[in-house]
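Raw final-v2.tsv, TSV, C-alpha atoms and all ligand atoms:
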```tsv
chain	number	residue	atom	x	y	z
A	1497	MET	CA	16.54	-12.24	8.40
A	1498	GLU	CA	14.82	-8.87	8.94
A	1499	PRO	CA	11.37	-8.73	10.60
A	1500	ALA	CA	8.44	-8.01	8.28
A	1501	PHE	CA	7.97	-4.63	9.93
A	1502	SER	CA	9.09	-2.54	12.88
A	1503	ARG	CA	8.27	1.00	13.92
A	1504	ILE	CA	8.27	3.25	16.99
A	1505	SER	CA	5.20	5.48	17.47
A	1506	PRO	CA	3.42	7.34	20.30
A	1507	VAL	CA	1.12	5.55	22.74
A	1508	ASN	CA	-0.54	6.21	26.08
A	1509	ILE	CA	-0.20	3.77	28.98
A	1510	ASN	CA	-2.74	4.43	31.71
A	1511	GLY	CA	-2.43	8.20	31.34
A	1512	ILE	CA	1.33	8.26	30.71
A	1513	ASN	CA	2.63	9.51	27.34
A	1514	THR	CA	5.23	7.18	25.93
A	1515	ASN	CA	6.13	5.26	22.76
A	1516	ARG	CA	5.63	1.75	21.54
A	1517	LEU	CA	7.90	-0.41	19.47
A	1518	MET	CA	5.78	-2.49	17.14
A	1519	VAL	CA	7.47	-5.42	15.48
A	1520	VAL	CA	6.00	-8.02	13.14
A	1521	LEU	CA	8.23	-11.10	13.06
A	1522	LYS	CA	8.36	-13.27	9.97
A	1523	THR	CA	7.02	-16.77	10.63
A	1524	THR	CA	5.40	-19.55	8.64
A	1525	GLY	CA	2.36	-17.25	8.66
A	1526	CYS	CA	-1.25	-17.55	9.64
A	1527	GLU	CA	-2.48	-21.13	9.63
A	1528	TYR	CA	-6.06	-19.95	9.22
A	1529	ALA	CA	-5.08	-18.01	6.08
A	1530	ARG	CA	-3.23	-21.01	4.65
A	1531	GLN	CA	-6.18	-23.31	5.18
A	1532	ASN	CA	-8.90	-20.88	4.14
A	1533	HIS	CA	-7.93	-19.34	0.79
A	1534	GLY	CA	-5.97	-16.41	2.22
A	1535	GLY	CA	-8.12	-16.08	5.34
A	1536	CYS	CA	-9.57	-12.70	6.20
A	1537	THR	CA	-10.43	-10.71	3.08
A	1538	VAL	CA	-8.52	-7.56	4.04
A	1539	CYS	CA	-5.34	-9.27	5.27
A	1540	GLY	CA	-2.12	-9.48	3.26
A	1541	PHE	CA	0.20	-10.88	5.93
A	1542	ILE	CA	0.49	-14.26	4.25
A	1543	LYS	CA	2.55	-12.61	1.50
A	1544	ASN	CA	5.48	-12.24	3.94
A	1545	ALA	CA	5.27	-15.77	5.32
A	1546	VAL	CA	8.40	-17.91	5.05
A	1547	ASN	CA	7.97	-21.67	4.67
A	1548	ASN	CA	10.28	-23.72	6.87
A	1549	ILE	CA	11.58	-20.74	8.83
A	1550	SER	CA	13.40	-21.97	11.93
A	1551	GLN	CA	12.45	-20.99	15.45
A	1552	ASP	CA	16.01	-19.69	15.96
A	1553	ASP	CA	15.50	-17.39	13.01
A	1554	ILE	CA	12.40	-15.94	14.65
A	1555	ILE	CA	14.40	-15.28	17.82
A	1556	MET	CA	17.25	-13.69	15.84
A	1557	GLN	CA	14.83	-11.30	14.11
A	1558	PHE	CA	13.72	-10.04	17.49
A	1559	GLU	CA	17.27	-9.73	18.85
A	1560	ARG	CA	18.13	-7.66	15.83
A	1561	THR	CA	15.06	-5.44	16.23
A	1562	LEU	CA	15.92	-4.68	19.85
A	1563	LYS	CA	19.45	-3.76	18.80
A	1564	THR	CA	18.51	-1.52	15.87
A	1565	HIS	CA	15.99	0.69	17.71
A	1566	ASP	CA	16.70	3.21	20.44
A	1567	LEU	CA	14.44	1.99	23.24
A	1568	ASN	CA	15.13	4.78	25.74
A	1569	ASP	CA	11.72	6.43	25.33
A	1570	VAL	CA	9.82	3.23	24.64
A	1571	GLY	CA	7.40	1.98	27.30
A	1572	GLU	CA	5.61	-0.70	25.30
A	1573	ILE	CA	6.56	-3.49	22.94
A	1574	ASP	CA	4.00	-4.97	20.58
A	1575	LEU	CA	5.40	-8.37	19.72
A	1576	LEU	CA	3.46	-9.51	16.69
A	1577	THR	CA	3.86	-12.25	14.14
A	1578	LEU	CA	2.34	-12.87	10.72
A	1579	GLY	CA	-0.38	-14.95	12.40
A	1580	SER	CA	-0.91	-15.96	16.03
A	1581	PHE	CA	1.72	-15.71	18.76
A	1582	LEU	CA	-0.03	-18.52	20.65
A	1583	ASN	CA	-0.16	-20.97	17.75
A	1584	ASP	CA	2.45	-23.60	18.74
A	1585	SER	CA	3.12	-24.59	15.16
A	1586	GLU	CA	3.99	-20.99	14.30
A	1587	VAL	CA	5.85	-19.93	17.46
A	1588	ASN	CA	6.66	-22.91	19.64
A	1589	PRO	CA	6.43	-22.70	23.46
A	1590	ARG	CA	10.22	-22.51	23.92
A	1591	THR	CA	10.51	-19.65	21.43
A	1592	ARG	CA	7.61	-17.83	23.07
A	1593	VAL	CA	9.34	-17.93	26.42
A	1594	THR	CA	12.69	-16.86	24.94
A	1595	LEU	CA	11.14	-13.85	23.18
A	1596	LEU	CA	9.21	-12.73	26.25
A	1597	LYS	CA	12.27	-13.18	28.49
A	1598	MET	CA	14.13	-10.73	26.28
A	1599	ILE	CA	11.45	-8.15	27.04
A	1600	ALA	CA	11.23	-9.09	30.72
A	1601	ASP	CA	14.91	-8.12	30.97
A	1602	ILE	CA	14.22	-4.50	29.88
A	1603	PRO	CA	13.14	-2.84	33.14
A	1604	HIS	CA	11.48	0.29	31.72
A	1605	ILE	CA	9.06	-1.60	29.44
A	1606	LYS	CA	5.70	-1.38	31.18
A	1607	ARG	CA	3.36	-3.09	28.73
A	1608	VAL	CA	3.72	-5.94	26.25
A	1609	SER	CA	1.18	-6.70	23.60
A	1610	ILE	CA	0.79	-10.04	21.88
A	1611	GLU	CA	-1.89	-11.19	19.48
A	1612	SER	CA	-3.61	-14.45	18.60
A	1613	ARG	CA	-6.70	-15.95	17.08
A	1614	ALA	CA	-9.09	-17.20	19.77
A	1615	GLU	CA	-8.69	-20.91	18.97
A	1616	TYR	CA	-5.07	-20.98	20.20
A	1617	VAL	CA	-5.74	-19.26	23.52
A	1618	THR	CA	-5.61	-21.35	26.71
A	1619	ILE	CA	-5.35	-20.37	30.35
A	1620	GLU	CA	-2.06	-22.33	30.56
A	1621	LYS	CA	-0.41	-20.43	27.70
A	1622	LEU	CA	-1.54	-17.07	29.09
A	1623	ALA	CA	-0.29	-17.99	32.55
A	1624	GLU	CA	3.11	-18.98	31.13
A	1625	CYS	CA	3.42	-15.64	29.29
A	1626	LYS	CA	2.41	-13.71	32.40
A	1627	LYS	CA	4.91	-15.64	34.51
A	1628	VAL	CA	7.81	-14.81	32.19
A	1629	LEU	CA	6.89	-11.12	32.01
A	1630	LYS	CA	6.61	-10.88	35.82
A	1631	ASN	CA	5.03	-7.53	36.75
A	1632	LYS	CA	4.66	-6.09	33.23
A	1633	ILE	CA	1.18	-5.57	31.81
A	1634	LEU	CA	0.29	-8.29	29.31
A	1635	ASP	CA	-2.08	-6.76	26.81
A	1636	PHE	CA	-3.69	-9.42	24.71
A	1637	GLY	CA	-4.73	-8.43	21.19
A	1638	ILE	CA	-7.59	-10.11	19.38
A	1639	GLY	CA	-8.95	-9.18	15.96
A	1640	LEU	CA	-12.71	-8.91	16.36
A	1641	GLU	CA	-12.76	-6.47	13.38
A	1642	SER	CA	-16.50	-5.75	13.75
A	1643	ALA	CA	-19.21	-6.50	16.29
A	1644	ASN	CA	-21.61	-7.13	13.43
A	1645	ASP	CA	-21.73	-10.90	12.77
A	1646	TYR	CA	-22.42	-10.50	9.05
A	1647	VAL	CA	-19.60	-7.99	8.52
A	1648	ARG	CA	-17.15	-10.02	10.62
A	1649	ASN	CA	-17.83	-13.51	9.33
A	1650	THR	CA	-19.30	-13.09	5.86
A	1651	VAL	CA	-17.67	-9.90	4.59
A	1652	ILE	CA	-14.31	-10.22	6.37
A	1653	ASN	CA	-14.33	-14.04	6.65
A	1654	LYS	CA	-13.00	-13.95	10.22
A	1655	ASN	CA	-14.68	-17.12	11.42
A	1656	LEU	CA	-15.00	-15.90	15.00
A	1657	SER	CA	-18.25	-16.06	16.95
A	1658	LYS	CA	-19.11	-13.57	19.65
A	1659	GLU	CA	-19.37	-16.52	22.06
A	1660	ASP	CA	-15.76	-17.50	21.36
A	1661	PHE	CA	-14.67	-13.88	21.63
A	1662	GLU	CA	-16.31	-13.56	25.04
A	1663	LYS	CA	-14.91	-16.91	26.20
A	1664	THR	CA	-11.45	-15.57	25.34
A	1665	VAL	CA	-12.17	-12.39	27.29
A	1666	MET	CA	-13.09	-14.54	30.31
A	1667	MET	CA	-9.78	-16.40	30.06
A	1668	LEU	CA	-7.88	-13.12	29.83
A	1669	LYS	CA	-9.62	-11.84	32.93
A	1670	GLU	CA	-8.81	-15.04	34.79
A	1671	SER	CA	-5.15	-14.82	33.77
A	1672	GLY	CA	-4.73	-11.17	34.75
A	1673	CYS	CA	-4.23	-9.89	31.20
A	1674	THR	CA	-5.71	-6.74	29.73
A	1675	LEU	CA	-7.73	-6.77	26.52
A	1676	LEU	CA	-6.85	-5.09	23.24
A	1677	VAL	CA	-9.43	-5.43	20.49
A	1678	TYR	CA	-8.67	-4.64	16.87
A	1679	LEU	CA	-11.59	-3.15	14.93
A	1680	LEU	CA	-11.50	-2.30	11.26
A	1681	ILE	CA	-12.73	1.00	9.91
A	1682	LYS	CA	-14.33	0.43	6.51
A	1683	PRO	CA	-14.27	-3.24	5.63
A	1684	PRO	CA	-15.49	-4.00	2.09
A	1685	THR	CA	-19.16	-3.52	1.13
A	1686	LEU	CA	-19.73	-0.71	3.65
A	1687	THR	CA	-20.22	2.88	2.53
A	1688	GLU	CA	-18.29	5.62	4.30
A	1689	SER	CA	-21.14	6.44	6.71
A	1690	GLU	CA	-22.00	2.76	7.32
A	1691	ALA	CA	-18.32	2.20	8.11
A	1692	VAL	CA	-18.33	4.97	10.73
A	1693	ASP	CA	-21.49	3.50	12.33
A	1694	ASP	CA	-20.05	-0.01	12.26
A	1695	ALA	CA	-16.83	1.12	13.98
A	1696	VAL	CA	-18.70	3.15	16.61
A	1697	GLN	CA	-21.15	0.32	17.41
A	1698	SER	CA	-18.29	-2.18	17.54
A	1699	ALA	CA	-16.33	-0.07	20.03
A	1700	LYS	CA	-19.45	0.27	22.19
A	1701	TYR	CA	-19.86	-3.52	22.14
A	1702	VAL	CA	-16.21	-4.05	23.16
A	1703	PHE	CA	-16.44	-1.67	26.10
A	1704	SER	CA	-19.74	-3.24	27.21
A	1705	VAL	CA	-18.09	-6.69	27.17
A	1706	ALA	CA	-15.13	-5.28	29.12
A	1707	LYS	CA	-17.54	-3.92	31.70
A	1708	LYS	CA	-19.42	-7.22	31.90
A	1709	TYR	CA	-16.22	-9.20	32.58
A	1710	GLU	CA	-14.56	-6.39	34.56
A	1711	ILE	CA	-11.42	-6.30	32.47
A	1712	ASN	CA	-9.32	-3.31	31.38
A	1713	ALA	CA	-9.76	-2.88	27.65
A	1714	ARG	CA	-8.54	-0.78	24.77
A	1715	VAL	CA	-9.80	-0.58	21.24
A	1716	ALA	CA	-7.27	-0.35	18.41
A	1717	PHE	CA	-8.97	0.92	15.28
A	1718	GLU	CA	-7.36	-0.19	12.05
A	1719	PRO	CA	-8.31	2.05	9.14
A	1720	VAL	CA	-8.39	-0.42	6.24
A	1721	PHE	CA	-5.63	-0.10	3.63
A	1722	ILE	CA	-5.19	-2.12	0.46
A	1723	SER	CA	-2.86	-5.03	1.13
A	1724	GLU	CA	-1.02	-6.48	-1.82
A	1725	ASP	CA	-2.39	-9.89	-2.91
A	1726	SER	CA	-5.42	-9.66	-0.62
A	1727	ASN	CA	-8.99	-10.27	-1.70
A	1728	LEU	CA	-9.61	-6.62	-0.97
A	1729	GLU	CA	-6.99	-5.67	-3.55
A	1730	LYS	CA	-9.04	-7.44	-6.23
A	1731	LEU	CA	-12.15	-5.47	-5.26
A	1732	TYR	CA	-10.15	-2.25	-5.20
A	1733	LEU	CA	-8.66	-2.84	-8.65
A	1734	GLN	CA	-12.15	-3.58	-10.01
A	1735	SER	CA	-13.39	-0.26	-8.51
A	1736	GLU	CA	-15.63	-2.17	-6.14
A	1737	TYR	CA	-14.03	-0.71	-3.06
A	1738	ARG	CA	-13.32	2.91	-2.28
A	1739	MET	CA	-10.77	3.73	0.34
A	1740	LEU	CA	-11.69	5.29	3.64
A	1741	ASN	CA	-11.28	9.04	4.09
A	1742	LEU	CA	-9.19	10.13	7.10
A	1743	TRP	CA	-11.97	12.50	8.17
A	1744	SER	CA	-14.07	9.43	8.95
A	1745	VAL	CA	-11.33	8.21	11.28
A	1746	VAL	CA	-11.55	11.56	13.08
A	1747	GLU	CA	-15.33	11.14	13.31
A	1748	VAL	CA	-14.97	7.63	14.75
A	1749	ILE	CA	-12.53	8.86	17.41
A	1750	LEU	CA	-14.77	11.78	18.38
A	1751	LYS	CA	-17.75	9.43	18.70
A	1752	THR	CA	-15.98	6.74	20.75
A	1753	HIS	CA	-13.26	8.29	22.92
A	1754	GLN	CA	-15.75	8.83	25.78
A	1755	GLU	CA	-16.30	5.07	25.95
A	1756	GLY	CA	-12.76	4.02	26.86
A	1757	CYS	CA	-9.13	4.01	25.73
A	1758	ILE	CA	-8.77	4.21	21.95
A	1759	PHE	CA	-5.75	3.77	19.71
A	1760	VAL	CA	-5.65	4.24	15.95
A	1761	GLY	CA	-3.15	2.23	13.89
A	1762	LEU	CA	-1.69	4.40	11.17
A	1763	SER	CA	0.91	2.09	9.72
A	1764	ASP	CA	0.53	-0.33	6.85
A	1765	GLU	CA	3.18	-2.84	7.95
A	1766	ASN	CA	4.80	-2.37	4.52
A	1767	LEU	CA	1.87	-4.08	2.80
A	1768	SER	CA	-0.11	-1.35	1.10
A	1769	LYS	CA	2.13	0.06	-1.68
A	1770	ASP	CA	0.96	3.47	-0.43
A	1771	ARG	CA	-2.72	2.64	-0.81
A	1772	MET	CA	-3.62	4.01	2.58
A	1773	PRO	CA	-6.64	6.01	3.76
A	1774	ASN	CA	-6.03	9.71	3.15
A	1775	SER	CA	-7.85	13.04	2.85
A	1776	CYS	CA	-6.49	15.88	0.64
A	1777	PRO	CA	-2.92	17.13	0.22
A	1778	LYS	CA	-3.75	20.23	2.28
A	1779	CYS	CA	-4.97	18.46	5.43
A	1780	ASP	CA	-3.68	14.88	5.24
A	1781	GLU	CA	-0.52	15.50	7.24
A	1782	ASN	CA	-2.31	17.59	9.88
A	1783	ILE	CA	-4.90	14.89	10.45
A	1784	ARG	CA	-2.23	12.20	10.82
A	1785	ARG	CA	-0.28	14.36	13.25
A	1786	GLU	CA	-3.38	15.01	15.37
A	1787	ILE	CA	-4.31	11.31	15.39
A	1788	GLU	CA	-0.81	10.45	16.61
A	1789	PHE	CA	-1.12	13.18	19.25
A	1790	PHE	CA	-4.43	11.63	20.30
A	1791	ASN	CA	-2.80	8.18	20.46
A	1792	LYS	CA	-0.22	9.60	22.84
A	1793	THR	CA	-2.50	11.74	25.02
A	1794	GLN	CA	-6.14	10.62	24.49
A	1795	ASP	CA	-6.81	14.38	24.11
A	1796	VAL	CA	-9.24	15.17	21.27
A	1797	SER	CA	-8.90	18.99	21.30
A	1798	GLY	CA	-6.51	18.96	18.31
A	1799	LEU	CA	-8.84	16.70	16.33
A	1800	LYS	CA	-11.79	18.98	17.10
A	1801	GLY	CA	-9.85	21.99	15.83
A	1802	LEU	CA	-9.09	20.50	12.41
A	1803	PHE	CA	-10.67	22.07	9.34
A	1804	CYS	CA	-10.47	21.69	5.57
A	1805	GLU	CA	-12.98	22.29	2.79
A	1806	CYS	CA	-12.43	18.72	1.49
A	1807	LYS	CA	-14.34	17.39	4.49
A	1808	ASP	CA	-17.68	18.35	2.89
A	1809	LEU	CA	-16.90	16.26	-0.19
A	1810	ILE	CA	-16.62	12.91	1.62
A	1811	GLY	CA	-18.88	10.29	0.09
A	1812	LYS	CA	-19.83	12.58	-2.78
A	1813	LYS	CA	-17.15	11.45	-5.20
A	1814	LYS	CA	-18.34	9.73	-8.35
A	1815	GLY	CA	-17.48	6.10	-9.04
A	1816	ALA	CA	-17.63	3.08	-6.77
A	1817	LEU	CA	-20.09	3.52	-3.94
A	1818	VAL	CA	-18.40	1.44	-1.31
A	1901	LIG	S1	-6.25	-11.05	9.93
A	1901	LIG	FE1	-5.23	-12.46	11.35
A	1901	LIG	S2	-6.50	-14.31	11.31
A	1901	LIG	FE2	-7.08	-13.12	9.52
A	1901	LIG	S3	-5.80	-13.95	7.87
A	1901	LIG	FE3	-4.70	-12.18	8.74
A	1901	LIG	S4	-3.34	-13.02	10.26
A	1901	LIG	FE4	-4.87	-14.61	9.81
A	1902	ZN	ZN	-8.44	18.50	3.03
```
Written form, structure tokens:
Amino acid sequence: MEPAFSRISPVNINGINTNRLMVVLKTTGCEYARQNHGGCTVCGFIKNAVNNISQDDIIMQFERTLKTHDLNDVGEIDLLTLGSFLNDSEVNPRTRVTLLKMIADIPHIKRVSIESRAEYVTIEKLAECKKVLKNKILDFGIGLESANDYVRNTVINKNLSKEDFEKTVMMLKESGCTLLVYLLIKPPTLTESEAVDDAVQSAKYVFSVAKKYEINARVAFEPVFISEDSNLEKLYLQSEYRMLNLWSVVEVILKTHQEGCIFVGLSDENLSKDRMPNSCPKCDENIRREIEFFNKTQDVSGLKGLFCECKDLIGKKKGALV
């Protein structure tokens, strides 16, 4: 079986320009989504879930991914699933160790990223992962999505309190992991300018928490795209959601890069049917290229130099307001 998604793209590891292999392995999917009417409103991962998939099949997907990509210039592997890597009923402990051992055996991989909902995180599981990876950086990803409680839990339906988020950060610190926090840019109900403010305030909150607990942190912004079969898709098809403009992503980067290390996810994990944030045909490609350059270097000079007349039209289009 093929993984749900895999891609190599630029990334920066502590000042070094390199690339990351991101892979999303097919699993039984997110338990939270199964038990809560699809889970988070913007997420479409459950569509790729496979009932009764075996643990061996999960391992084989990863073996295949490592074989099909040229890893020579890759310094990071993001080992993701359709739900939570630390949920034992999705990826059991033996499988977790096997997958991480495969990465531990690749000497030039410096950083490994995994991701889980907070309720599955324990010190013991983190310690086990760290032990297998030996001296590689274990970067733990958690989807906070927004620092605003209403946006996170009512609009996005994340069901994650700030207390639980910070408890998880404490466990990561204790286990010697680094912190990677996913934040959405433009969840439903927010206008373009509210979305920029929400993303900026959320990044500031994340870096203040990182400072409080003295942990190395990165923010990964996820510009929202329209996932097939998600609740967001319904809103979009009813013209109750307007997609983010890429210029707002540029604005968010320029307003947050001074706070700490920022990454912007530009892929749709094969879920969007090309309903991705964009700008205009004249500047779209340039903006994407400069964002990827920023991801690799953390240098904003290219983003500052971008220009197109379409920028002045953001938020002035007729139709749905949000
Ligand atoms: S965003 Fe994460 S927690 Fe929410 S439904 Fe998707 S996989 Fe589950
Ligand atoms: Zn343009």
Notebook entry, point to check: Within 9 Å of Ala1500 in chain A, counting all atoms listed in the file, which residues qualify if same-chain residues fewer than 3 places away don't, as number ranges by chain?
Noted result: A: 1519-1522, 1544-1545, 1577-1578, 1765-1766
Item checked: Residue nearest Leu1742 in chain A - candidates A:Leu1728, A:Cys1779, A:Leu1567, A:Cys1625, atoms counted: all atoms listed in the file ->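 Counting all atoms listed in the file, the residue closest to Leu1742 in chain A is A:Cys1779.
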Output the neighbourhood of ligand LIG 1901 (chain A) as a short mmCIF file (atom, residue, chain, number, x, y, z; two decimals) with C-alpha atoms, keeping the file's coordinate frame, that is, all protein and nucleic acid residues with some atom at most 8 Å from the ligand, counting all atoms listed in the file.
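Once everything was written out, this is part17.cif:
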```cif
data_model
loop_
_atom_site.label_atom_id
_atom_site.label_comp_id
_atom_site.auth_asym_id
_atom_site.auth_seq_id
_atom_site.Cartn_x
_atom_site.Cartn_y
_atom_site.Cartn_z
CA GLY A 1525 2.36 -17.25 8.66
CA CYS A 1526 -1.25 -17.55 9.64
CA GLU A 1527 -2.48 -21.13 9.63
CA TYR A 1528 -6.06 -19.95 9.22
CA ALA A 1529 -5.08 -18.01 6.08
CA GLY A 1534 -5.97 -16.41 2.22
CA GLY A 1535 -8.12 -16.08 5.34
CA CYS A 1536 -9.57 -12.70 6.20
CA THR A 1537 -10.43 -10.71 3.08
CA VAL A 1538 -8.52 -7.56 4.04
CA CYS A 1539 -5.34 -9.27 5.27
CA GLY A 1540 -2.12 -9.48 3.26
CA PHE A 1541 0.20 -10.88 5.93
CA ILE A 1542 0.49 -14.26 4.25
CA LEU A 1578 2.34 -12.87 10.72
CA GLY A 1579 -0.38 -14.95 12.40
CA SER A 1580 -0.91 -15.96 16.03
CA SER A 1612 -3.61 -14.45 18.60
CA ARG A 1613 -6.70 -15.95 17.08
CA GLY A 1639 -8.95 -9.18 15.96
CA ASN A 1653 -14.33 -14.04 6.65
CA LYS A 1654 -13.00 -13.95 10.22
#
```
Next item on the list: Please indicate the distance in Å from CA of Val1692 in chain A to CA of Glu1718 in chain A, rounded to one decimal place.
Entry: 12.2 Å
Check: Within 9 Å of ligand ZN 1902 (chain A), counting only C-alpha atoms and all ligand atoms, which protein or nucleic acid residues do you find, written as a ChimeraX atom specification?
Finding: /A:1743,1775-1780,1783,1803-1807
Dump of C-alpha atoms for the selected residues, as an mmCIF file, keeping the file's coordinate frame:
```cif
data_model
loop_
_atom_site.group_PDB
_atom_site.id
_atom_site.type_symbol
_atom_site.label_atom_id
_atom_site.label_comp_id
_atom_site.auth_asym_id
_atom_site.auth_seq_id
_atom_site.Cartn_x
_atom_site.Cartn_y
_atom_site.Cartn_z
ATOM 1 C CA TRP A 1743 -11.970 12.500 8.170
ATOM 2 C CA SER A 1775 -7.850 13.040 2.850
ATOM 3 C CA CYS A 1776 -6.490 15.880 0.640
ATOM 4 C CA PRO A 1777 -2.920 17.130 0.220
ATOM 5 C CA LYS A 1778 -3.750 20.230 2.280
ATOM 6 C CA CYS A 1779 -4.970 18.460 5.430
ATOM 7 C CA ASP A 1780 -3.680 14.880 5.240
ATOM 8 C CA ILE A 1783 -4.900 14.890 10.450
ATOM 9 C CA PHE A 1803 -10.670 22.070 9.340
ATOM 10 C CA CYS A 1804 -10.470 21.690 5.570
ATOM 11 C CA GLU A 1805 -12.980 22.290 2.790
ATOM 12 C CA CYS A 1806 -12.430 18.720 1.490
ATOM 13 C CA LYS A 1807 -14.340 17.390 4.490
#
```
Note to self: Just to confirm, what's the straight-line distance from CA of Leu1576 in chain A to CA of Leu1731 in chain A in Å (one decimal)?
What the structure shows: 27.2 Å
Closest-contact table, range 1555-1651 of chain A side, partner range 1661-1685 of chain A, 12 Å, counting only C-alpha atoms, as JSON lines:
```
{"residue": "A:Asp1574", "atom": "CA", "partner": "A:Leu1676", "partner_atom": "CA", "distance": 11.2}
{"residue": "A:Arg1607", "atom": "CA", "partner": "A:Thr1674", "partner_atom": "CA", "distance": 9.8}
{"residue": "A:Val1608", "atom": "CA", "partner": "A:Thr1674", "partner_atom": "CA", "distance": 10.1}
{"residue": "A:Ser1609", "atom": "CA", "partner": "A:Leu1676", "partner_atom": "CA", "distance": 8.2}
{"residue": "A:Ile1610", "atom": "CA", "partner": "A:Leu1676", "partner_atom": "CA", "distance": 9.2}
{"residue": "A:Glu1611", "atom": "CA", "partner": "A:Leu1676", "partner_atom": "CA", "distance": 8.7}
{"residue": "A:Ser1612", "atom": "CA", "partner": "A:Thr1664", "partner_atom": "CA", "distance": 10.4}
{"residue": "A:Arg1613", "atom": "CA", "partner": "A:Phe1661", "partner_atom": "CA", "distance": 9.4}
{"residue": "A:Ala1614", "atom": "CA", "partner": "A:Thr1664", "partner_atom": "CA", "distance": 6.3}
{"residue": "A:Glu1615", "atom": "CA", "partner": "A:Thr1664", "partner_atom": "CA", "distance": 8.8}
{"residue": "A:Tyr1616", "atom": "CA", "partner": "A:Thr1664", "partner_atom": "CA", "distance": 9.8}
{"residue": "A:Val1617", "atom": "CA", "partner": "A:Thr1664", "partner_atom": "CA", "distance": 7.0}
{"residue": "A:Thr1618", "atom": "CA", "partner": "A:Met1667", "partner_atom": "CA", "distance": 7.3}
{"residue": "A:Ile1619", "atom": "CA", "partner": "A:Met1667", "partner_atom": "CA", "distance": 6.0}
{"residue": "A:Glu1620", "atom": "CA", "partner": "A:Ser1671", "partner_atom": "CA", "distance": 8.7}
{"residue": "A:Lys1621", "atom": "CA", "partner": "A:Ser1671", "partner_atom": "CA", "distance": 9.5}
{"residue": "A:Leu1622", "atom": "CA", "partner": "A:Ser1671", "partner_atom": "CA", "distance": 6.3}
{"residue": "A:Ala1623", "atom": "CA", "partner": "A:Ser1671", "partner_atom": "CA", "distance": 5.9}
{"residue": "A:Glu1624", "atom": "CA", "partner": "A:Ser1671", "partner_atom": "CA", "distance": 9.6}
{"residue": "A:Cys1625", "atom": "CA", "partner": "A:Ser1671", "partner_atom": "CA", "distance": 9.7}
{"residue": "A:Lys1626", "atom": "CA", "partner": "A:Cys1673", "partner_atom": "CA", "distance": 7.8}
{"residue": "A:Lys1627", "atom": "CA", "partner": "A:Ser1671", "partner_atom": "CA", "distance": 10.1}
{"residue": "A:Leu1629", "atom": "CA", "partner": "A:Cys1673", "partner_atom": "CA", "distance": 11.2}
{"residue": "A:Lys1630", "atom": "CA", "partner": "A:Gly1672", "partner_atom": "CA", "distance": 11.4}
{"residue": "A:Asn1631", "atom": "CA", "partner": "A:Gly1672", "partner_atom": "CA", "distance": 10.6}
{"residue": "A:Lys1632", "atom": "CA", "partner": "A:Cys1673", "partner_atom": "CA", "distance": 9.9}
{"residue": "A:Ile1633", "atom": "CA", "partner": "A:Cys1673", "partner_atom": "CA", "distance": 7.0}
{"residue": "A:Leu1634", "atom": "CA", "partner": "A:Cys1673", "partner_atom": "CA", "distance": 5.2}
{"residue": "A:Asp1635", "atom": "CA", "partner": "A:Thr1674", "partner_atom": "CA", "distance": 4.7}
{"residue": "A:Phe1636", "atom": "CA", "partner": "A:Leu1675", "partner_atom": "CA", "distance": 5.2}
{"residue": "A:Gly1637", "atom": "CA", "partner": "A:Leu1676", "partner_atom": "CA", "distance": 4.5}
{"residue": "A:Ile1638", "atom": "CA", "partner": "A:Val1677", "partner_atom": "CA", "distance": 5.1}
{"residue": "A:Gly1639", "atom": "CA", "partner": "A:Tyr1678", "partner_atom": "CA", "distance": 4.6}
{"residue": "A:Leu1640", "atom": "CA", "partner": "A:Tyr1678", "partner_atom": "CA", "distance": 5.9}
{"residue": "A:Glu1641", "atom": "CA", "partner": "A:Leu1679", "partner_atom": "CA", "distance": 3.8}
{"residue": "A:Ser1642", "atom": "CA", "partner": "A:Leu1679", "partner_atom": "CA", "distance": 5.7}
{"residue": "A:Ala1643", "atom": "CA", "partner": "A:Leu1679", "partner_atom": "CA", "distance": 8.4}
{"residue": "A:Asn1644", "atom": "CA", "partner": "A:Leu1679", "partner_atom": "CA", "distance": 10.9}
{"residue": "A:Asp1645", "atom": "CA", "partner": "A:Phe1661", "partner_atom": "CA", "distance": 11.7}
{"residue": "A:Tyr1646", "atom": "CA", "partner": "A:Thr1685", "partner_atom": "CA", "distance": 11.0}
{"residue": "A:Val1647", "atom": "CA", "partner": "A:Pro1683", "partner_atom": "CA", "distance": 7.7}
{"residue": "A:Arg1648", "atom": "CA", "partner": "A:Pro1683", "partner_atom": "CA", "distance": 8.9}
{"residue": "A:Asn1649", "atom": "CA", "partner": "A:Pro1683", "partner_atom": "CA", "distance": 11.5}
{"residue": "A:Thr1650", "atom": "CA", "partner": "A:Pro1684", "partner_atom": "CA", "distance": 10.6}
{"residue": "A:Val1651", "atom": "CA", "partner": "A:Pro1684", "partner_atom": "CA", "distance": 6.8}
```
Notebook entry, point to check: Rounded to one decimal in Å, what is the spacing between CA of Glu1659 in chain A and CA of Leu1686 in chain A?
Noted result: 24.3 Å
Checklist line | Using only C-alpha atoms: which of A:Pro1499, A:Asp1584, A:Val1593, A:Thr1524 has the shortest distance to Gln1557 in chain A | finding: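 The shortest atom-to-atom distance to Gln1557 in chain A comes from A:Pro1499.
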Margin query: Could you list, as a VMD selection string, every residue within 12 Å of Ile1509 in chain A, counting all atoms listed in the file and ignoring same-chain residues fewer than 2 positions away?
Written below: chain A and resid 1506 to 1507 1511 to 1516 1570 to 1573 1605 to 1609 1632 to 1633 1635 1674 1712 to 1714 1757 to 1759 1791 to 1794
Next item on the list: Using only C-alpha atoms, pick whichever of A:Val1628, A:Ile1504, A:Val1587, A:Leu1582 has the shortest atom-to-atom distance to Ile1555 in chain A.
Entry: A:Val1587
Give the centre and edge lengths of an axis-aligned box, in Å to one decimal, that holds all listed atoms of range 1640-1649 of chain A with 5 Å on each side, as JSON.
```
{"center_x": -17.6, "center_y": -9.6, "center_z": 12.4, "size_x": 19.7, "size_y": 17.8, "size_z": 17.8}
```
